[in-house]
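Following: one structure in structure tokens, then a few remarks.
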Amino acid sequence: MKISPQRVVTLHYVLTNAQGEVLDDSRKRQEPMEYLHGHDNLMAALEQELEGKEAGAILSATLSAEDAYGVRDDALVRKVSRSAFPVSELKPGMSFQTRGEAGPQIVTVLEVDDSSVLIDTNHPLAGQTLSYDLEVLDVREATRAELAKGHPLPPGTEYSQVEDKKVL
């Protein structure tokens, strides 16, 4: 079965940056990734690379910053009040997940003083060219429940058990 919209894809990947440093390795974690193709669960450029492939396919894809997590935006680096953070001890390099205008976002602490914190809300991988080594393990039809939710679900999940994310 070929990868196309409405299909659930299971794959292993190794993600590296332009310097060849391994940033993530699903095989090392013994945790393959599963996603619903064509439902914005993966970067569009990576989905394009996978389109039409079948189980057993091995491929590499290099994505520019624009096609991966975007270019860095200096406007996303700003000072906020120290009171905006729920923890008493803050250090540069710490990361937090918070709600952003477009959904969850990662906030990285750059500098801390008594009254303010300099934060960066760019994605940690923004501005980087990224390479993926991919192995497609399985491709299957999505269930009605998965199509309703827009992502893979545990085996046996019935359509009646999920709320349809589509607005009629």
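Labeling convention for the structure tokens: chains A, B, ... as they appear, residues from 1 per chain, ligands from 1 in order of appearance.
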
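For Ala45 in chain A, the residues within 9 Å (counting only C-alpha atoms, excluding itself and residues fewer than 3 positions away along the chain) are A:Leu42, A:Gln48, A:Glu49, A:Leu50, A:Ala61, A:Leu63, A:Asp67, A:Ala68.
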
Name all residues at most 7 Å from range 26-31 of chain A (count only C-alpha atoms; drop same-chain ones fewer than 5 positions away) and give them as a list in words.
->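 The filter keeps His12, Tyr13 and Val14 of chain A.
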
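Backbone DSSP over range 32-165 of chain A yields helix (DSSP H, G or I) at Ala44, Ala45, Leu46, Glu47, Gln48, Glu49, Leu50, Asp74, Ala75, Leu76, Arg82, Ser83, Ala84, Arg144, Ala145, Glu146, Leu147, Ala148, Lys149, Tyr159, Ser160 and Gln161 of chain A.
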
Using only C-alpha atoms, the best pick from A:Gln19, A:Gln6, A:Ser60, A:Ser88 as closest to Gln128 in chain A would be A:Gln19

Find the residues around Leu137 in chain A up to 8 Å (only C-alpha atoms counted), leave out those fewer than 4 positions away in its own chain, and share them as a list in words.
->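 Skipping anything fewer than 4 positions along the chain leaves Val9, Thr10, Leu11, His12, Ala55, Gly56 and Ala57 of chain A.
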